[in-house]
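Asker: My structure is stored as upload06.cif, with mmCIF, C-alpha atoms; chains and numbers go by the auth columns.
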data_coords
#
loop_
_atom_site.group_PDB
_atom_site.id
_atom_site.type_symbol
_atom_site.label_atom_id
_atom_site.label_comp_id
_atom_site.label_asym_id
_atom_site.label_seq_id
_atom_site.Cartn_x
_atom_site.Cartn_y
_atom_site.Cartn_z
_atom_site.B_iso_or_equiv
_atom_site.auth_seq_id
_atom_site.auth_asym_id
ATOM 1 C CA MET A 1 27.027 15.350 -60.312 0.00 1 A
ATOM 2 C CA LYS A 2 23.793 13.368 -60.161 0.00 2 A
ATOM 3 C CA ILE A 3 23.801 10.091 -58.209 0.00 3 A
ATOM 4 C CA ASP A 4 20.796 7.781 -58.262 0.00 4 A
ATOM 5 C CA ILE A 5 20.649 4.877 -55.804 0.00 5 A
ATOM 6 C CA LEU A 6 18.466 1.834 -56.455 0.00 6 A
ATOM 7 C CA THR A 7 17.691 -0.024 -53.240 0.00 7 A
ATOM 8 C CA ILE A 8 14.959 -1.896 -51.396 0.00 8 A
ATOM 9 C CA PHE A 9 15.939 -0.084 -48.193 0.00 9 A
ATOM 10 C CA PRO A 10 15.864 3.641 -49.049 0.00 10 A
ATOM 11 C CA GLU A 11 15.701 4.658 -45.382 0.00 11 A
ATOM 12 C CA MET A 12 19.343 3.635 -44.986 0.00 12 A
ATOM 13 C CA PHE A 13 20.436 6.604 -47.110 0.00 13 A
ATOM 14 C CA PHE A 14 18.438 9.557 -45.844 0.00 14 A
ATOM 15 C CA GLY A 15 20.608 10.365 -42.824 0.00 15 A
ATOM 16 C CA PRO A 16 24.064 9.949 -44.398 0.00 16 A
ATOM 17 C CA LEU A 17 23.191 11.845 -47.590 0.00 17 A
ATOM 18 C CA SER A 18 21.781 14.829 -45.679 0.00 18 A
ATOM 19 C CA ALA A 19 24.583 15.233 -43.136 0.00 19 A
ATOM 20 C CA SER A 20 28.069 16.744 -43.089 0.00 20 A
ATOM 21 C CA ILE A 21 29.903 17.365 -46.372 0.00 21 A
ATOM 22 C CA LEU A 22 27.461 15.396 -48.532 0.00 22 A
ATOM 23 C CA GLY A 23 24.497 17.265 -47.093 0.00 23 A
ATOM 24 C CA ARG A 24 26.095 20.675 -47.621 0.00 24 A
ATOM 25 C CA ALA A 25 27.080 19.788 -51.185 0.00 25 A
ATOM 26 C CA ALA A 26 23.534 18.661 -51.915 0.00 26 A
ATOM 27 C CA GLN A 27 22.096 21.883 -50.472 0.00 27 A
ATOM 28 C CA ALA A 28 24.491 23.887 -52.633 0.00 28 A
ATOM 29 C CA GLY A 29 23.447 21.946 -55.726 0.00 29 A
ATOM 30 C CA VAL A 30 26.922 20.534 -56.377 0.00 30 A
ATOM 31 C CA LEU A 31 25.599 17.020 -55.788 0.00 31 A
ATOM 32 C CA ARG A 32 22.105 15.719 -56.522 0.00 32 A
ATOM 33 C CA PHE A 33 20.961 12.511 -54.898 0.00 33 A
ATOM 34 C CA GLU A 34 17.866 10.508 -55.693 0.00 34 A
ATOM 35 C CA VAL A 35 17.103 7.390 -53.685 0.00 35 A
ATOM 36 C CA ILE A 36 14.811 5.083 -55.654 0.00 36 A
ATOM 37 C CA ASN A 37 12.890 2.260 -54.057 0.00 37 A
ATOM 38 C CA ILE A 38 13.108 -0.764 -56.329 0.00 38 A
ATOM 39 C CA ARG A 39 9.795 -1.978 -54.865 0.00 39 A
ATOM 40 C CA ASP A 40 8.051 0.918 -56.604 0.00 40 A
ATOM 41 C CA TYR A 41 8.828 -0.813 -59.895 0.00 41 A
ATOM 42 C CA ALA A 42 7.817 -4.303 -58.828 0.00 42 A
ATOM 43 C CA GLU A 43 4.626 -5.856 -60.163 0.00 43 A
ATOM 44 C CA GLY A 44 1.702 -7.306 -58.270 0.00 44 A
ATOM 45 C CA LYS A 45 -0.095 -6.435 -55.081 0.00 45 A
ATOM 46 C CA HIS A 46 2.819 -7.307 -52.804 0.00 46 A
ATOM 47 C CA LYS A 47 5.573 -5.629 -54.849 0.00 47 A
ATOM 48 C CA VAL A 48 7.853 -8.641 -54.639 0.00 48 A
ATOM 49 C CA THR A 49 11.515 -7.982 -55.495 0.00 49 A
ATOM 50 C CA ASP A 50 12.987 -11.413 -54.753 0.00 50 A
ATOM 51 C CA ASP A 51 12.238 -15.065 -55.405 0.00 51 A
ATOM 52 C CA TYR A 52 13.632 -18.552 -54.796 0.00 52 A
ATOM 53 C CA PRO A 53 16.622 -19.556 -56.950 0.00 53 A
ATOM 54 C CA TYR A 54 16.110 -21.930 -59.857 0.00 54 A
ATOM 55 C CA GLY A 55 17.805 -25.232 -59.160 0.00 55 A
ATOM 56 C CA GLY A 56 17.299 -24.951 -55.428 0.00 56 A
ATOM 57 C CA GLY A 57 19.616 -23.599 -52.780 0.00 57 A
ATOM 58 C CA THR A 58 19.465 -21.322 -49.786 0.00 58 A
ATOM 59 C CA GLY A 59 18.440 -17.685 -49.715 0.00 59 A
ATOM 60 C CA MET A 60 16.534 -15.490 -52.112 0.00 60 A
ATOM 61 C CA VAL A 61 17.582 -13.852 -55.367 0.00 61 A
ATOM 62 C CA MET A 62 16.709 -10.333 -56.531 0.00 62 A
ATOM 63 C CA LYS A 63 14.367 -10.430 -59.523 0.00 63 A
ATOM 64 C CA PRO A 64 15.439 -8.736 -62.761 0.00 64 A
ATOM 65 C CA GLU A 65 12.109 -7.129 -63.767 0.00 65 A
ATOM 66 C CA PRO A 66 11.897 -4.340 -61.150 0.00 66 A
ATOM 67 C CA VAL A 67 15.581 -3.475 -61.491 0.00 67 A
ATOM 68 C CA TYR A 68 15.315 -3.196 -65.270 0.00 68 A
ATOM 69 C CA ALA A 69 12.097 -1.173 -64.978 0.00 69 A
ATOM 70 C CA ALA A 70 13.773 1.283 -62.591 0.00 70 A
ATOM 71 C CA LEU A 71 16.828 1.600 -64.826 0.00 71 A
ATOM 72 C CA ASP A 72 14.659 2.105 -67.921 0.00 72 A
ATOM 73 C CA SER A 73 12.850 4.929 -66.151 0.00 73 A
ATOM 74 C CA ILE A 74 16.088 6.645 -65.167 0.00 74 A
ATOM 75 C CA ILE A 75 17.622 6.319 -68.621 0.00 75 A
ATOM 76 C CA ALA A 76 14.466 7.629 -70.305 0.00 76 A
ATOM 77 C CA ARG A 77 14.576 10.796 -68.175 0.00 77 A
ATOM 78 C CA ALA A 78 18.325 11.412 -68.389 0.00 78 A
ATOM 79 C CA PRO A 79 19.841 13.787 -70.997 0.00 79 A
ATOM 80 C CA GLU A 80 22.649 11.260 -71.495 0.00 80 A
ATOM 81 C CA ARG A 81 22.946 7.631 -70.537 0.00 81 A
ATOM 82 C CA PRO A 82 24.268 7.380 -66.963 0.00 82 A
ATOM 83 C CA TRP A 83 27.085 5.130 -65.805 0.00 83 A
ATOM 84 C CA ILE A 84 25.493 2.178 -63.995 0.00 84 A
ATOM 85 C CA VAL A 85 27.277 0.434 -61.114 0.00 85 A
ATOM 86 C CA LEU A 86 26.259 -2.757 -59.329 0.00 86 A
ATOM 87 C CA MET A 87 27.492 -3.269 -55.764 0.00 87 A
ATOM 88 C CA THR A 88 28.425 -6.934 -55.497 0.00 88 A
ATOM 89 C CA PRO A 89 31.095 -9.036 -53.744 0.00 89 A
ATOM 90 C CA GLN A 90 32.016 -10.357 -57.184 0.00 90 A
ATOM 91 C CA GLY A 91 32.990 -6.933 -58.522 0.00 91 A
ATOM 92 C CA ASP A 92 36.349 -5.204 -58.882 0.00 92 A
ATOM 93 C CA VAL A 93 37.743 -4.068 -55.542 0.00 93 A
ATOM 94 C CA PHE A 94 37.097 -0.374 -54.951 0.00 94 A
ATOM 95 C CA ASN A 95 40.094 1.925 -54.507 0.00 95 A
ATOM 96 C CA GLN A 96 41.078 5.559 -54.960 0.00 96 A
ATOM 97 C CA ARG A 97 41.763 5.120 -58.669 0.00 97 A
ATOM 98 C CA VAL A 98 38.242 3.805 -59.212 0.00 98 A
ATOM 99 C CA ALA A 99 36.874 6.669 -57.114 0.00 99 A
ATOM 100 C CA ARG A 100 38.678 9.200 -59.319 0.00 100 A
ATOM 101 C CA ASP A 101 37.330 7.580 -62.474 0.00 101 A
ATOM 102 C CA LEU A 102 33.766 7.605 -61.160 0.00 102 A
ATOM 103 C CA SER A 103 34.045 11.237 -60.013 0.00 103 A
ATOM 104 C CA LYS A 104 34.439 12.237 -63.659 0.00 104 A
ATOM 105 C CA LYS A 105 31.058 10.797 -64.597 0.00 105 A
ATOM 106 C CA GLY A 106 28.269 13.322 -64.739 0.00 106 A
ATOM 107 C CA HIS A 107 25.566 10.861 -63.713 0.00 107 A
ATOM 108 C CA LEU A 108 25.993 7.693 -61.659 0.00 108 A
ATOM 109 C CA VAL A 109 23.393 5.038 -60.938 0.00 109 A
ATOM 110 C CA ILE A 110 24.280 2.629 -58.127 0.00 110 A
ATOM 111 C CA VAL A 111 22.322 -0.609 -57.809 0.00 111 A
ATOM 112 C CA CYS A 112 22.424 -2.187 -54.355 0.00 112 A
ATOM 113 C CA GLY A 113 22.358 -5.956 -54.405 0.00 113 A
ATOM 114 C CA HIS A 114 20.691 -7.822 -51.556 0.00 114 A
ATOM 115 C CA TYR A 115 19.607 -11.235 -50.336 0.00 115 A
ATOM 116 C CA GLU A 116 21.694 -14.106 -51.705 0.00 116 A
ATOM 117 C CA GLY A 117 22.533 -12.085 -54.801 0.00 117 A
ATOM 118 C CA VAL A 118 21.006 -10.760 -58.004 0.00 118 A
ATOM 119 C CA ASP A 119 19.587 -12.567 -60.998 0.00 119 A
ATOM 120 C CA GLU A 120 22.482 -12.992 -63.413 0.00 120 A
ATOM 121 C CA ARG A 121 20.616 -11.089 -66.124 0.00 121 A
ATOM 122 C CA ILE A 122 20.856 -7.874 -64.091 0.00 122 A
ATOM 123 C CA ARG A 123 24.585 -7.860 -64.808 0.00 123 A
ATOM 124 C CA PHE A 124 23.899 -7.208 -68.498 0.00 124 A
ATOM 125 C CA ALA A 125 22.294 -3.874 -67.582 0.00 125 A
ATOM 126 C CA VAL A 126 25.290 -2.436 -65.715 0.00 126 A
ATOM 127 C CA ASP A 127 28.575 -0.919 -66.823 0.00 127 A
ATOM 128 C CA GLN A 128 30.677 -1.809 -63.814 0.00 128 A
ATOM 129 C CA GLU A 129 30.579 -4.121 -60.804 0.00 129 A
ATOM 130 C CA ILE A 130 32.248 -2.980 -57.589 0.00 130 A
ATOM 131 C CA SER A 131 33.115 -4.617 -54.271 0.00 131 A
ATOM 132 C CA ILE A 132 34.479 -2.746 -51.247 0.00 132 A
ATOM 133 C CA GLY A 133 36.349 -5.738 -49.845 0.00 133 A
ATOM 134 C CA ASP A 134 36.573 -9.423 -49.185 0.00 134 A
ATOM 135 C CA TYR A 135 33.960 -9.771 -46.471 0.00 135 A
ATOM 136 C CA VAL A 136 30.225 -10.355 -46.321 0.00 136 A
ATOM 137 C CA LEU A 137 27.632 -7.665 -45.567 0.00 137 A
ATOM 138 C CA THR A 138 23.849 -7.904 -45.489 0.00 138 A
ATOM 139 C CA GLY A 139 23.435 -5.890 -48.676 0.00 139 A
ATOM 140 C CA GLY A 140 24.893 -3.317 -51.029 0.00 140 A
ATOM 141 C CA GLU A 141 23.614 -0.255 -49.174 0.00 141 A
ATOM 142 C CA ILE A 142 26.586 0.314 -46.860 0.00 142 A
ATOM 143 C CA PRO A 143 29.097 -0.361 -49.673 0.00 143 A
ATOM 144 C CA ALA A 144 27.168 2.089 -51.867 0.00 144 A
ATOM 145 C CA LEU A 145 27.462 4.773 -49.179 0.00 145 A
ATOM 146 C CA ALA A 146 31.211 4.184 -48.980 0.00 146 A
ATOM 147 C CA VAL A 147 31.535 4.582 -52.752 0.00 147 A
ATOM 148 C CA ILE A 148 29.328 7.689 -52.774 0.00 148 A
ATOM 149 C CA ASP A 149 31.366 9.337 -50.026 0.00 149 A
ATOM 150 C CA ALA A 150 34.732 8.570 -51.654 0.00 150 A
ATOM 151 C CA VAL A 151 33.572 9.684 -55.096 0.00 151 A
ATOM 152 C CA SER A 152 31.704 12.799 -53.983 0.00 152 A
ATOM 153 C CA ARG A 153 34.628 14.400 -52.182 0.00 153 A
ATOM 154 C CA LEU A 154 36.564 14.334 -55.470 0.00 154 A
ATOM 155 C CA VAL A 155 33.878 16.316 -57.300 0.00 155 A
ATOM 156 C CA PRO A 156 34.941 19.966 -57.669 0.00 156 A
ATOM 157 C CA GLY A 157 33.092 22.210 -55.233 0.00 157 A
ATOM 158 C CA VAL A 158 32.248 19.522 -52.694 0.00 158 A
ATOM 159 C CA LEU A 159 35.139 20.167 -50.308 0.00 159 A
ATOM 160 C CA GLY A 160 35.743 23.574 -48.821 0.00 160 A
ATOM 161 C CA ASP A 161 39.464 23.185 -49.482 0.00 161 A
ATOM 162 C CA GLU A 162 40.034 21.398 -52.782 0.00 162 A
ATOM 163 C CA ALA A 163 43.692 20.792 -51.882 0.00 163 A
ATOM 164 C CA SER A 164 42.715 18.570 -48.959 0.00 164 A
ATOM 165 C CA ALA A 165 41.611 15.808 -51.325 0.00 165 A
ATOM 166 C CA LEU A 166 45.085 15.796 -52.849 0.00 166 A
ATOM 167 C CA THR A 167 46.832 15.088 -49.528 0.00 167 A
ATOM 168 C CA ASP A 168 44.561 12.336 -48.225 0.00 168 A
ATOM 169 C CA SER A 169 45.793 8.788 -47.797 0.00 169 A
ATOM 170 C CA PHE A 170 45.816 6.972 -51.169 0.00 170 A
ATOM 171 C CA ALA A 171 45.338 10.233 -53.104 0.00 171 A
ATOM 172 C CA ASP A 172 48.778 9.818 -54.680 0.00 172 A
ATOM 173 C CA GLY A 173 49.241 6.155 -53.884 0.00 173 A
ATOM 174 C CA ILE A 174 50.701 6.447 -50.377 0.00 174 A
ATOM 175 C CA LEU A 175 49.322 6.874 -46.872 0.00 175 A
ATOM 176 C CA GLU A 176 48.962 10.266 -45.251 0.00 176 A
ATOM 177 C CA GLY A 177 51.483 11.144 -42.560 0.00 177 A
ATOM 178 C CA PRO A 178 50.761 12.161 -38.948 0.00 178 A
ATOM 179 C CA GLN A 179 48.672 15.260 -38.233 0.00 179 A
ATOM 180 C CA TYR A 180 48.634 17.506 -35.151 0.00 180 A
ATOM 181 C CA THR A 181 46.522 20.349 -33.780 0.00 181 A
ATOM 182 C CA ARG A 182 46.279 22.272 -30.493 0.00 182 A
ATOM 183 C CA PRO A 183 47.301 21.882 -27.724 0.00 183 A
ATOM 184 C CA ARG A 184 51.049 21.924 -28.342 0.00 184 A
ATOM 185 C CA GLU A 185 51.630 19.495 -25.458 0.00 185 A
ATOM 186 C CA PHE A 186 49.172 16.837 -24.297 0.00 186 A
ATOM 187 C CA ARG A 187 49.903 14.289 -21.579 0.00 187 A
ATOM 188 C CA GLY A 188 53.599 14.518 -22.212 0.00 188 A
ATOM 189 C CA MET A 189 53.263 14.183 -25.980 0.00 189 A
ATOM 190 C CA GLU A 190 54.492 17.216 -27.907 0.00 190 A
ATOM 191 C CA VAL A 191 53.940 18.416 -31.439 0.00 191 A
ATOM 192 C CA PRO A 192 57.138 17.941 -33.508 0.00 192 A
ATOM 193 C CA GLU A 193 59.235 21.102 -33.521 0.00 193 A
ATOM 194 C CA VAL A 194 59.404 21.290 -37.303 0.00 194 A
ATOM 195 C CA LEU A 195 55.648 21.954 -37.515 0.00 195 A
ATOM 196 C CA LEU A 196 56.109 25.017 -35.293 0.00 196 A
ATOM 197 C CA SER A 197 59.118 26.372 -37.188 0.00 197 A
ATOM 198 C CA GLY A 198 57.249 28.427 -39.756 0.00 198 A
ATOM 199 C CA ASP A 199 59.634 27.070 -42.404 0.00 199 A
ATOM 200 C CA HIS A 200 57.245 25.901 -45.118 0.00 200 A
ATOM 201 C CA GLU A 201 59.836 23.930 -47.052 0.00 201 A
ATOM 202 C CA ARG A 202 61.011 22.051 -43.945 0.00 202 A
ATOM 203 C CA VAL A 203 57.387 21.297 -43.083 0.00 203 A
ATOM 204 C CA ARG A 204 56.668 20.051 -46.603 0.00 204 A
ATOM 205 C CA LEU A 205 59.682 17.744 -46.614 0.00 205 A
ATOM 206 C CA TRP A 206 58.920 16.446 -43.106 0.00 206 A
ATOM 207 C CA ARG A 207 55.330 15.659 -44.025 0.00 207 A
ATOM 208 C CA ARG A 208 56.325 13.878 -47.196 0.00 208 A
ATOM 209 C CA ARG A 209 59.033 11.920 -45.387 0.00 209 A
ATOM 210 C CA GLU A 210 56.634 10.874 -42.640 0.00 210 A
ATOM 211 C CA ALA A 211 54.028 9.855 -45.203 0.00 211 A
ATOM 212 C CA LEU A 212 56.581 7.655 -46.961 0.00 212 A
ATOM 213 C CA LYS A 213 57.726 6.191 -43.632 0.00 213 A
ATOM 214 C CA ARG A 214 54.189 5.374 -42.602 0.00 214 A
ATOM 215 C CA THR A 215 53.527 3.728 -45.961 0.00 215 A
ATOM 216 C CA LEU A 216 56.734 1.717 -45.781 0.00 216 A
ATOM 217 C CA THR A 217 55.960 0.387 -42.311 0.00 217 A
ATOM 218 C CA ARG A 218 52.215 -0.140 -42.632 0.00 218 A
ATOM 219 C CA ARG A 219 51.468 -0.721 -46.326 0.00 219 A
ATOM 220 C CA PRO A 220 54.764 -1.400 -48.148 0.00 220 A
ATOM 221 C CA ASP A 221 52.803 -2.980 -50.994 0.00 221 A
ATOM 222 C CA LEU A 222 51.592 0.483 -51.994 0.00 222 A
ATOM 223 C CA LEU A 223 55.120 1.666 -52.733 0.00 223 A
ATOM 224 C CA ASP A 224 55.450 -0.879 -55.536 0.00 224 A
ATOM 225 C CA LYS A 225 52.642 0.881 -57.407 0.00 225 A
ATOM 226 C CA ALA A 226 53.156 4.504 -56.282 0.00 226 A
ATOM 227 C CA ASN A 227 54.455 7.092 -58.752 0.00 227 A
ATOM 228 C CA LEU A 228 57.441 8.288 -56.712 0.00 228 A
ATOM 229 C CA SER A 229 59.564 11.298 -57.640 0.00 229 A
ATOM 230 C CA GLU A 230 63.349 11.411 -57.298 0.00 230 A
ATOM 231 C CA GLU A 231 62.841 13.449 -54.147 0.00 231 A
ATOM 232 C CA ASP A 232 60.511 10.746 -52.801 0.00 232 A
ATOM 233 C CA ARG A 233 63.104 8.065 -53.516 0.00 233 A
ATOM 234 C CA GLY A 234 65.754 10.043 -51.690 0.00 234 A
ATOM 235 C CA LEU A 235 63.501 10.530 -48.675 0.00 235 A
ATOM 236 C CA LEU A 236 62.616 6.842 -48.744 0.00 236 A
ATOM 237 C CA ARG A 237 66.301 5.908 -48.657 0.00 237 A
ATOM 238 C CA GLU A 238 66.711 8.114 -45.590 0.00 238 A
ATOM 239 C CA VAL A 239 63.741 6.425 -43.932 0.00 239 A
ATOM 240 C CA LYS A 240 65.113 2.958 -44.652 0.00 240 A
ATOM 241 C CA ARG A 241 68.488 3.907 -43.186 0.00 241 A
ATOM 242 C CA GLU A 242 66.729 5.257 -40.107 0.00 242 A
ATOM 243 C CA LEU A 243 64.603 2.172 -39.632 0.00 243 A
ATOM 244 C CA GLY A 244 67.301 -0.339 -40.498 0.00 244 A
ATOM 245 C CA GLY A 245 65.733 -3.772 -40.333 0.00 245 A
ATOM 246 C CA GLY A 246 63.263 -2.863 -37.605 0.00 246 A
ATOM 247 C CA GLY A 247 59.825 -1.391 -37.496 0.00 247 A
ATOM 248 C CA GLU A 248 58.719 2.159 -37.102 0.00 248 A
ATOM 249 C CA PRO A 249 60.008 3.800 -33.908 0.00 249 A
ATOM 250 C CA ALA A 250 57.395 5.535 -31.812 0.00 250 A
ATOM 251 C CA ASP A 251 57.450 9.336 -32.033 0.00 251 A
ATOM 252 C CA HIS A 252 56.067 9.644 -28.512 0.00 252 A
ATOM 253 C CA GLN A 253 55.569 7.589 -25.454 0.00 253 A
ATOM 254 C CA GLY A 254 52.032 7.676 -24.202 0.00 254 A
ATOM 255 C CA PRO A 255 50.913 7.951 -20.589 0.00 255 A
#
Please express the file's structure as structure tokens.

Answerer:
Amino acid sequence: MKIDILTIFPEMFFGPLSASILGRAAQAGVLRFEVINIRDYAEGKHKVTDDYPYGGGTGMVMKPEPVYAALDSIIARAPERPWIVLMTPQGDVFNQRVARDLSKKGHLVIVCGHYEGVDERIRFAVDQEISIGDYVLTGGEIPALAVIDAVSRLVPGVLGDEASALTDSFADGILEGPQYTRPREFRGMEVPEVLLSGDHERVRLWRRREALKRTLTRRPDLLDKANLSEEDRGLLREVKRELGGGGEPADHQGP
């Protein structure tokens, strides 16, 4: 997958895109990143990318000319037209379903908004507008990184274990259950016996049950939209009987 990022702060991407899973995938050629400075496409001596809003008001607005020029350059060089995304608080809220859809695109272009917003005419150049939540950030760079990370790990070949993406929280509409590693006992808190049993079916059922319990107690809204199997519904009934009308009981008591 090729991902181009249009930004006026390219330095914000160099570290994250070269580290950890994204960095290894880029080195292996599974992912290709290109960070494009919108200022390189701005006109004039000072390469201005923003201006005062017509009609007055506070803040500055990103100009359309350099963004369009950068997009024209990308499209002219691409074998096929890429899918163009604008990061904006006014966009559709990002979730795992959107991440899956974007991971199927061969070429993404992500435009990072900044300042008070973008000139409205920029919206006519994009295919999709995305927000990562109902809060205010200084620009679209950090949201773009969140989208890139979520999308990239769904691209075949990016993760060392492809199955891990299928068991993550939200992968199938519910939260992931508790996880444990060594040591077996830590400060009086022990790993549940079932995980040490060697019985793969018991472990599978326990993990699924705990995932459903965690979703019920922390994000019950997700269950209304999750595609639950008959087995899931049976496990969920057990969980509800266990919990009664109360909240989730603690598995351990800390120090």

Asker: Could you list, as a count of residues only, every residue matched by the PyMOL selection byres ((chain A and resi 103) around 8) in this structure?

Answerer: 11

Asker: Name every residue that the PyMOL selection byres ((chain A and resi 63-79) around 12) selects in this structure, writing the answer as a PyMOL selection string with chains first and numbers rising.

Answerer: chain A and resi 2-8+34-44+47-54+60-62+80-86+106-126

Asker: Tell me which protein, DNA and RNA residues are within 12 Å of Gly173 of chain A, counting all atoms listed in the file, leaving out same-chain ones fewer than 4 positions away, and put them as a ChimeraX atom specification.

Answerer: /A:95-97,166-169,211-212,215-216,219-228

Asker: For the atom pair atom CA of Val93 of chain A and atom CA of Gly133 of chain A, what is the interatomic distance in Å to one decimal place?

Answerer: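 Going from atom CA of Val93 of chain A over to atom CA of Gly133 of chain A, I get 6.1 Å.
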
Asker: Run the PyMOL selection byres ((chain A and resi 142) around 12) against the file shown and list the residues it catches, as JSON, numbers by chain.

Answerer: {"A": [5, 7, 9, 10, 11, 12, 13, 16, 87, 88, 110, 111, 112, 113, 114, 131, 132, 133, 136, 137, 138, 139, 140, 141, 143, 144, 145, 146, 147, 148, 149]}

Asker: Quick check, in Å to one decimal: how far apart do atom CA of Leu205 of chain A and atom CA of Arg241 of chain A lie?

Answerer: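 The value is 16.8 Å.
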
Asker: Counting only C-alpha atoms, which residue out of A:Asp92, A:Glu210, A:Asp127, A:Glu242 sits closest to Glu176 of chain A?

Answerer: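 Of A:Asp92, A:Glu210, A:Asp127, A:Glu242, the one nearest Glu176 of chain A is A:Glu210, counting only C-alpha atoms.
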
Asker: What does the structure give for the distance between atom CA of Val191 of chain A and atom CA of Arg204 of chain A, in Å to one decimal?

Answerer: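 Computed distance, atom CA of Val191 of chain A to atom CA of Arg204 of chain A, equals 15.5 Å.
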